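Text of upload08.pdb (PDB, C-alpha atoms) as supplied:
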ATOM      1  CA  MET X 534      82.684  52.656  16.406
ATOM      2  CA  LYS X 535      84.116  49.451  17.839
ATOM      3  CA  PRO X 536      83.395  46.507  15.517
ATOM      4  CA  ILE X 537      80.920  43.852  16.647
ATOM      5  CA  ASN X 538      82.307  40.386  17.267
ATOM      6  CA  CYS X 539      80.252  37.252  16.836
ATOM      7  CA  LEU X 540      81.126  33.622  17.510
ATOM      8  CA  ILE X 541      79.821  30.661  15.520
ATOM      9  CA  THR X 542      80.352  27.243  17.049
ATOM     10  CA  GLY X 543      80.404  24.666  14.277
ATOM     11  CA  ILE X 544      81.370  27.203  11.617
ATOM     12  CA  SER X 545      82.769  24.490   9.341
ATOM     13  CA  GLY X 546      79.479  22.569   9.269
ATOM     14  CA  MET X 547      76.796  22.921   6.623
ATOM     15  CA  VAL X 548      74.686  25.425   8.568
ATOM     16  CA  GLY X 549      77.639  27.261  10.089
ATOM     17  CA  SER X 550      79.265  27.806   6.717
ATOM     18  CA  HIS X 551      76.052  29.260   5.261
ATOM     19  CA  LEU X 552      75.694  31.528   8.288
ATOM     20  CA  LEU X 553      79.243  32.723   7.613
ATOM     21  CA  ASP X 554      78.319  33.462   3.982
ATOM     22  CA  PHE X 555      75.242  35.393   5.120
ATOM     23  CA  LEU X 556      76.976  37.462   7.804
ATOM     24  CA  LEU X 557      79.817  38.458   5.485
ATOM     25  CA  LYS X 558      77.270  39.843   2.998
ATOM     26  CA  LYS X 559      74.766  41.379   5.401
ATOM     27  CA  THR X 560      76.894  42.720   8.284
ATOM     28  CA  ASN X 561      80.254  44.314   8.986
ATOM     29  CA  TRP X 562      80.888  42.060  11.991
ATOM     30  CA  ASN X 563      84.101  40.281  12.842
ATOM     31  CA  ILE X 564      83.220  36.602  12.642
ATOM     32  CA  TYR X 565      84.983  34.077  14.844
ATOM     33  CA  GLY X 566      84.468  30.384  14.276
ATOM     34  CA  LEU X 567      85.060  27.564  16.745
ATOM     35  CA  ILE X 568      86.683  24.533  15.154
ATOM     36  CA  ARG X 569      88.429  21.408  16.428
ATOM     37  CA  PHE X 570      91.959  20.595  15.299
ATOM     38  CA  SER X 571      90.504  17.751  13.215
ATOM     39  CA  SER X 572      87.700  19.785  11.599
ATOM     40  CA  LYS X 573      87.433  19.573   7.824
ATOM     41  CA  LEU X 574      87.411  23.014   6.229
ATOM     42  CA  ASP X 575      85.881  22.085   2.861
ATOM     43  CA  ASN X 576      82.652  24.006   3.562
ATOM     44  CA  ILE X 577      84.489  27.274   4.253
ATOM     45  CA  GLU X 578      87.294  26.772   1.728
ATOM     46  CA  HIS X 579      86.073  29.760  -0.282
ATOM     47  CA  HIS X 580      86.753  31.987   2.750
ATOM     48  CA  LEU X 581      90.180  30.680   3.749
ATOM     49  CA  ASP X 582      91.940  33.554   1.966
ATOM     50  CA  ARG X 583      90.086  35.898   4.327
ATOM     51  CA  VAL X 584      91.131  33.749   7.275
ATOM     52  CA  ASN X 585      94.774  33.776   6.211
ATOM     53  CA  LYS X 586      94.733  37.558   5.734
ATOM     54  CA  GLY X 587      92.772  38.231   8.946
ATOM     55  CA  LYS X 588      89.936  39.969   7.074
ATOM     56  CA  ARG X 589      86.847  39.662   9.290
ATOM     57  CA  VAL X 590      86.986  35.855   9.556
ATOM     58  CA  PHE X 591      89.006  34.208  12.312
ATOM     59  CA  LEU X 592      89.210  30.583  13.428
ATOM     60  CA  GLU X 593      89.536  29.614  17.078
ATOM     61  CA  TYR X 594      90.605  26.122  18.060
ATOM     62  CA  GLY X 595      88.751  24.450  20.900
ATOM     63  CA  ASP X 596      86.417  21.641  21.856
ATOM     64  CA  LEU X 597      83.008  22.000  23.466
ATOM     65  CA  THR X 598      83.811  19.192  25.891
ATOM     66  CA  ASP X 599      87.007  20.925  27.097
ATOM     67  CA  GLN X 600      86.084  23.747  29.440
ATOM     68  CA  VAL X 601      89.560  25.309  29.469
ATOM     69  CA  SER X 602      89.560  25.693  25.691
ATOM     70  CA  ILE X 603      86.064  27.202  25.630
ATOM     71  CA  ARG X 604      87.003  29.680  28.359
ATOM     72  CA  LYS X 605      89.961  30.756  26.246
ATOM     73  CA  VAL X 606      87.824  31.164  23.131
ATOM     74  CA  ILE X 607      85.191  33.265  24.931
ATOM     75  CA  ASN X 608      87.847  35.543  26.434
ATOM     76  CA  ASN X 609      89.732  35.847  23.148
ATOM     77  CA  THR X 610      86.689  36.779  21.090
ATOM     78  CA  LEU X 611      84.399  38.656  23.529
ATOM     79  CA  PRO X 612      81.378  38.184  21.257
ATOM     80  CA  LYS X 613      78.214  40.262  21.269
ATOM     81  CA  TYR X 614      76.377  37.442  19.508
ATOM     82  CA  ILE X 615      76.928  33.695  19.741
ATOM     83  CA  PHE X 616      75.406  31.176  17.368
ATOM     84  CA  HIS X 617      75.719  27.774  19.014
ATOM     85  CA  LEU X 618      75.393  25.418  16.054
ATOM     86  CA  ALA X 619      78.077  22.836  16.851
ATOM     87  CA  ALA X 620      76.676  19.396  17.623
ATOM     88  CA  GLU X 621      76.823  15.730  16.851
ATOM     89  CA  SER X 622      73.955  15.782  14.391
ATOM     90  CA  PHE X 623      73.460  12.427  12.628
ATOM     91  CA  PRO X 624      70.518  10.694  14.383
ATOM     92  CA  LYS X 625      71.253   7.228  12.988
ATOM     93  CA  MET X 626      74.783   7.211  14.390
ATOM     94  CA  SER X 627      73.477   8.200  17.819
ATOM     95  CA  PHE X 628      72.070   4.693  18.307
ATOM     96  CA  ASP X 629      75.596   3.290  18.045
ATOM     97  CA  ALA X 630      77.402   6.011  19.998
ATOM     98  CA  PRO X 631      74.890   7.663  22.353
ATOM     99  CA  LEU X 632      77.454   8.849  24.893
ATOM    100  CA  LYS X 633      79.307  10.786  22.186
ATOM    101  CA  PHE X 634      76.094  12.689  21.471
ATOM    102  CA  TYR X 635      75.323  13.334  25.134
ATOM    103  CA  ASP X 636      78.884  14.488  25.755
ATOM    104  CA  THR X 637      79.018  16.987  22.887
ATOM    105  CA  ASN X 638      75.441  18.212  22.782
ATOM    106  CA  VAL X 639      74.519  18.277  26.473
ATOM    107  CA  LYS X 640      77.818  18.691  28.308
ATOM    108  CA  GLY X 641      79.147  20.941  25.537
ATOM    109  CA  THR X 642      76.191  23.331  25.786
ATOM    110  CA  GLN X 643      76.519  23.414  29.578
ATOM    111  CA  ILE X 644      80.219  24.294  29.314
ATOM    112  CA  LEU X 645      79.672  27.003  26.698
ATOM    113  CA  LEU X 646      76.914  28.766  28.636
ATOM    114  CA  GLU X 647      78.805  28.396  31.905
ATOM    115  CA  GLU X 648      81.768  30.234  30.396
ATOM    116  CA  VAL X 649      79.510  32.902  28.900
ATOM    117  CA  LYS X 650      77.954  33.402  32.339
ATOM    118  CA  ASN X 651      81.349  33.640  34.015
ATOM    119  CA  CYS X 652      82.871  36.134  31.571
ATOM    120  CA  LYS X 653      82.131  39.524  33.133
ATOM    121  CA  LYS X 654      83.328  41.491  30.105
ATOM    122  CA  ILE X 655      80.366  40.567  27.902
ATOM    123  CA  LYS X 656      76.635  39.991  28.010
ATOM    124  CA  PRO X 657      75.970  38.423  24.609
ATOM    125  CA  ILE X 658      72.800  37.182  22.995
ATOM    126  CA  VAL X 659      73.217  33.438  22.523
ATOM    127  CA  HIS X 660      71.276  31.489  19.924
ATOM    128  CA  VAL X 661      71.061  27.865  21.114
ATOM    129  CA  CYS X 662      70.205  25.548  18.245
ATOM    130  CA  SER X 663      67.919  22.776  19.475
ATOM    131  CA  SER X 664      65.910  20.651  17.021
ATOM    132  CA  SER X 665      62.394  19.640  16.065
ATOM    133  CA  GLU X 666      63.600  16.117  16.877
ATOM    134  CA  VAL X 667      62.790  16.878  20.527
ATOM    135  CA  PHE X 668      59.105  16.385  19.672
ATOM    136  CA  GLY X 669      59.752  12.935  18.191
ATOM    137  CA  LYS X 670      56.611  10.858  17.855
ATOM    138  CA  VAL X 671      53.657  13.220  17.595
ATOM    139  CA  LYS X 672      50.058  12.018  17.293
ATOM    140  CA  LYS X 673      48.130  13.259  14.274
ATOM    141  CA  LYS X 674      45.726  15.223  16.460
ATOM    142  CA  TYR X 675      48.642  17.441  17.550
ATOM    143  CA  LEU X 676      49.712  18.313  13.998
ATOM    144  CA  PRO X 677      50.939  20.757  12.896
ATOM    145  CA  ILE X 678      53.533  20.778  15.675
ATOM    146  CA  ASN X 679      53.802  23.883  17.803
ATOM    147  CA  GLU X 680      55.842  24.763  20.879
ATOM    148  CA  ASN X 681      53.162  23.430  23.200
ATOM    149  CA  CYS X 682      53.757  19.858  22.018
ATOM    150  CA  ASN X 683      55.349  17.588  24.590
ATOM    151  CA  PHE X 684      58.876  16.277  24.174
ATOM    152  CA  HIS X 685      58.913  12.656  23.012
ATOM    153  CA  PRO X 686      62.446  12.074  21.670
ATOM    154  CA  ALA X 687      62.890   8.941  19.562
ATOM    155  CA  SER X 688      66.695   8.671  19.394
ATOM    156  CA  PRO X 689      69.737   9.397  21.549
ATOM    157  CA  TYR X 690      70.356  12.392  19.267
ATOM    158  CA  ALA X 691      66.882  13.728  20.046
ATOM    159  CA  ILE X 692      67.411  13.109  23.773
ATOM    160  CA  SER X 693      70.658  15.083  23.601
ATOM    161  CA  LYS X 694      68.800  17.954  21.953
ATOM    162  CA  VAL X 695      66.214  17.941  24.738
ATOM    163  CA  GLY X 696      69.157  18.490  27.069
ATOM    164  CA  THR X 697      70.505  21.281  24.873
ATOM    165  CA  ASP X 698      67.067  22.908  24.800
ATOM    166  CA  LEU X 699      66.500  22.774  28.565
ATOM    167  CA  ILE X 700      70.030  23.951  29.411
ATOM    168  CA  GLY X 701      69.507  27.013  27.214
ATOM    169  CA  ARG X 702      66.284  27.832  29.037
ATOM    170  CA  TYR X 703      67.849  27.130  32.434
ATOM    171  CA  PHE X 704      70.715  29.574  31.934
ATOM    172  CA  TYR X 705      68.239  32.291  30.992
ATOM    173  CA  GLU X 706      65.914  31.690  33.928
ATOM    174  CA  ALA X 707      68.555  31.015  36.582
ATOM    175  CA  TYR X 708      71.349  33.396  35.567
ATOM    176  CA  GLY X 709      69.915  35.863  33.066
ATOM    177  CA  VAL X 710      72.112  34.665  30.203
ATOM    178  CA  ARG X 711      70.328  36.012  27.131
ATOM    179  CA  THR X 712      69.591  32.776  25.327
ATOM    180  CA  ILE X 713      67.204  32.204  22.430
ATOM    181  CA  VAL X 714      66.406  28.544  21.731
ATOM    182  CA  THR X 715      65.216  27.400  18.308
ATOM    183  CA  ARG X 716      63.704  24.044  17.322
ATOM    184  CA  MET X 717      64.205  24.244  13.588
ATOM    185  CA  PHE X 718      62.919  21.484  11.362
ATOM    186  CA  THR X 719      65.144  19.924   8.720
ATOM    187  CA  HIS X 720      66.991  22.482   6.623
ATOM    188  CA  THR X 721      68.905  21.511   3.545
ATOM    189  CA  GLY X 722      70.902  22.994   0.686
ATOM    190  CA  PRO X 723      74.410  23.029  -0.765
ATOM    191  CA  ARG X 724      77.045  21.224   1.362
ATOM    192  CA  ARG X 725      74.495  18.907   2.976
ATOM    193  CA  GLY X 726      76.151  15.571   3.799
ATOM    194  CA  ASP X 727      75.345  12.712   1.443
ATOM    195  CA  PHE X 728      74.160  10.468   4.291
ATOM    196  CA  PHE X 729      70.985  12.577   4.635
ATOM    197  CA  ALA X 730      67.959  11.569   2.569
ATOM    198  CA  GLU X 731      67.617  14.341   0.005
ATOM    199  CA  SER X 732      71.374  14.529  -0.570
ATOM    200  CA  THR X 733      71.778  10.808  -1.082
ATOM    201  CA  PHE X 734      68.839  10.836  -3.544
ATOM    202  CA  ALA X 735      70.603  13.527  -5.570
ATOM    203  CA  LYS X 736      73.926  11.693  -5.374
ATOM    204  CA  GLN X 737      72.385   8.443  -6.546
ATOM    205  CA  ILE X 738      70.712  10.194  -9.492
ATOM    206  CA  ALA X 739      74.027  11.771 -10.497
ATOM    207  CA  MET X 740      75.803   8.407 -10.241
ATOM    208  CA  ILE X 741      73.071   6.732 -12.320
ATOM    209  CA  GLU X 742      73.409   9.427 -14.985
ATOM    210  CA  GLU X 743      77.153   8.764 -15.117
ATOM    211  CA  GLY X 744      76.570   5.024 -15.409
ATOM    212  CA  LEU X 745      78.311   4.293 -12.102
ATOM    213  CA  ILE X 746      75.445   2.388 -10.469
ATOM    214  CA  PRO X 747      72.318   0.573 -11.736
ATOM    215  CA  PRO X 748      69.247   2.788 -12.382
ATOM    216  CA  LYS X 749      67.572   2.112  -9.062
ATOM    217  CA  ILE X 750      67.334   4.648  -6.227
ATOM    218  CA  LYS X 751      67.386   3.365  -2.651
ATOM    219  CA  VAL X 752      65.052   5.540  -0.598
ATOM    220  CA  GLY X 753      64.249   3.984   2.783
ATOM    221  CA  ASN X 754      60.982   4.942   4.502
ATOM    222  CA  LEU X 755      59.011   7.363   2.325
ATOM    223  CA  LYS X 756      56.047   7.444   4.722
ATOM    224  CA  SER X 757      57.929   9.594   7.215
ATOM    225  CA  LEU X 758      56.480  13.128   7.304
ATOM    226  CA  ARG X 759      59.052  15.905   7.092
ATOM    227  CA  THR X 760      59.060  19.688   6.959
ATOM    228  CA  ILE X 761      62.100  20.872   5.010
ATOM    229  CA  ALA X 762      63.446  24.427   4.713
ATOM    230  CA  ASP X 763      66.317  25.944   2.753
ATOM    231  CA  VAL X 764      69.417  26.435   4.910
ATOM    232  CA  ARG X 765      69.825  29.962   3.518
ATOM    233  CA  ASP X 766      66.391  30.885   4.884
ATOM    234  CA  ALA X 767      67.315  29.285   8.198
ATOM    235  CA  VAL X 768      70.479  31.353   8.721
ATOM    236  CA  ASN X 769      68.583  34.507   7.770
ATOM    237  CA  ALA X 770      66.092  33.644  10.523
ATOM    238  CA  TYR X 771      68.905  33.022  13.013
ATOM    239  CA  HIS X 772      70.368  36.451  12.285
ATOM    240  CA  MET X 773      66.976  38.099  12.706
ATOM    241  CA  LEU X 774      66.438  36.311  16.006
ATOM    242  CA  VAL X 775      69.470  37.894  17.653
ATOM    243  CA  THR X 776      69.245  41.347  16.062
ATOM    244  CA  LYS X 777      65.555  42.253  15.863
ATOM    245  CA  LYS X 778      64.189  43.966  18.932
ATOM    246  CA  PRO X 779      60.796  42.668  20.094
ATOM    247  CA  LYS X 780      57.899  45.084  19.659
TER
END

Before we go any further, please render this structure as structure tokens.
Amino acid sequence: MKPINCLITGISGMVGSHLLDFLLKKTNWNIYGLIRFSSKLDNIEHHLDRVNKGKRVFLEYGDLTDQVSIRKVINNTLPKYIFHLAAESFPKMSFDAPLKFYDTNVKGTQILLEEVKNCKKIKPIVHVCSSSEVFGKVKKKYLPINENCNFHPASPYAISKVGTDLIGRYFYEAYGVRTIVTRMFTHTGPRRGDFFAESTFAKQIAMIEEGLIPPKIKVGNLKSLRTIADVRDAVNAYHMLVTKKPK
């Protein structure tokens, strides 16, 4: 039987690296990962021996904002499943560099799905990772949030994810590209960047224990309501989304 190929955009990120861990354990797929030439590989360092030996894990260089490179990646990998996780993902930074977020998250998703549509050799299932940030400011009467809540993005990052979300739906409705869009809430775990709340709390505690900083934790706004999941549960859900047939 011909092996199944899958493509993970953003494989070197926190979520992408955990998805790689999961797929290596739970499937026999060939796993291709999209990275930029400048991507740090710390999160997938434990798999680089596989990469070097060509054992099920392969890295493809490209950039979501460069259509030629994405066309090459799609034609090189011919994936049955695509997990589109790559994004500019730090909401605070989006206020300072909004166009960077729009370029990567909106234009990048458009380019990826355009090349999937145009490749006649495949008809993959594409998981498009949107975000709960699209809901933004939600009145208490609409809690808990469900998919009927209106979009009310509160940052350029959230606006860019609205674009990602709608582009995924558009390619399904207009062209029949088999997209599945998720709006996952915050997921955390090992390899989470230390500029996110729970990670910086843990880092500060460790630094206090080592006597590196005074025993005072800086926390920001603790009144913000958050739903937090484990990243390992999230990638399990992503795998189920593309492989489980609806009843």

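Atom pair atom CA of Phe728 of chain X / atom CA of Ile541 of chain X has a distance of 23.8 Å (rounded to one decimal).
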
For the contact check between segment 675-739 of chain X and segment 552-575 of chain X, emit one row per residue of segment 675-739 of chain X within 12 Å, containing the shortest atom pair and the distance in Å rounded to one decimal, counting all atoms listed in the file, chain then rising number order, as JSON lines.
{"residue": "X:Arg724", "atom": "CA", "partner": "X:Asp575", "partner_atom": "CA", "distance": 9.0}
{"residue": "X:Arg725", "atom": "CA", "partner": "X:Asp575", "partner_atom": "CA", "distance": 11.8}
{"residue": "X:Gly726", "atom": "CA", "partner": "X:Asp575", "partner_atom": "CA", "distance": 11.7}

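Atom CA of Ala770 of chain X is positioned 25.6 Å from atom CA of Ser757 of chain X.
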
Fewer than 5 positions away in the same chain doesn't count, so skip those; otherwise give me all residues within 10 Å of Met626 of chain X, counting all atoms listed in the file, as a short mmCIF file (atom, residue, chain, number, x, y, z; two decimals) with C-alpha atoms, in the frame of the given file.
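In the end it all went to result-v2.cif:
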data_model
loop_
_atom_site.label_atom_id
_atom_site.label_comp_id
_atom_site.auth_asym_id
_atom_site.auth_seq_id
_atom_site.Cartn_x
_atom_site.Cartn_y
_atom_site.Cartn_z
CA GLU X 621 76.82 15.73 16.85
CA PRO X 631 74.89 7.66 22.35
CA LYS X 633 79.31 10.79 22.19
CA PHE X 634 76.09 12.69 21.47
CA SER X 688 66.69 8.67 19.39
CA PRO X 689 69.74 9.40 21.55
CA TYR X 690 70.36 12.39 19.27
#

Please evaluate the PyMOL selection byres ((chain X and resi 548) around 10) against the displayed coordinates and give the resulting residues as a ChimeraX atom specification.
/X:543-547,549-554,576,618-619,720-725,764-765,767-768

Which residues match the PyMOL selection byres ((chain X and resi 612-614) around 8) in the file above, as a count of residues only?
16

Output, as lines of an AutoDock Vina configuration file, the centre and edge lengths in Å (one decimal) of the axis-aligned box that contains all listed atoms of segment 557-565 of chain X with 6 Å of margin on each side.
center_x = 79.9
center_y = 39.2
center_z = 8.9
size_x = 22.2
size_y = 22.2
size_z = 23.8
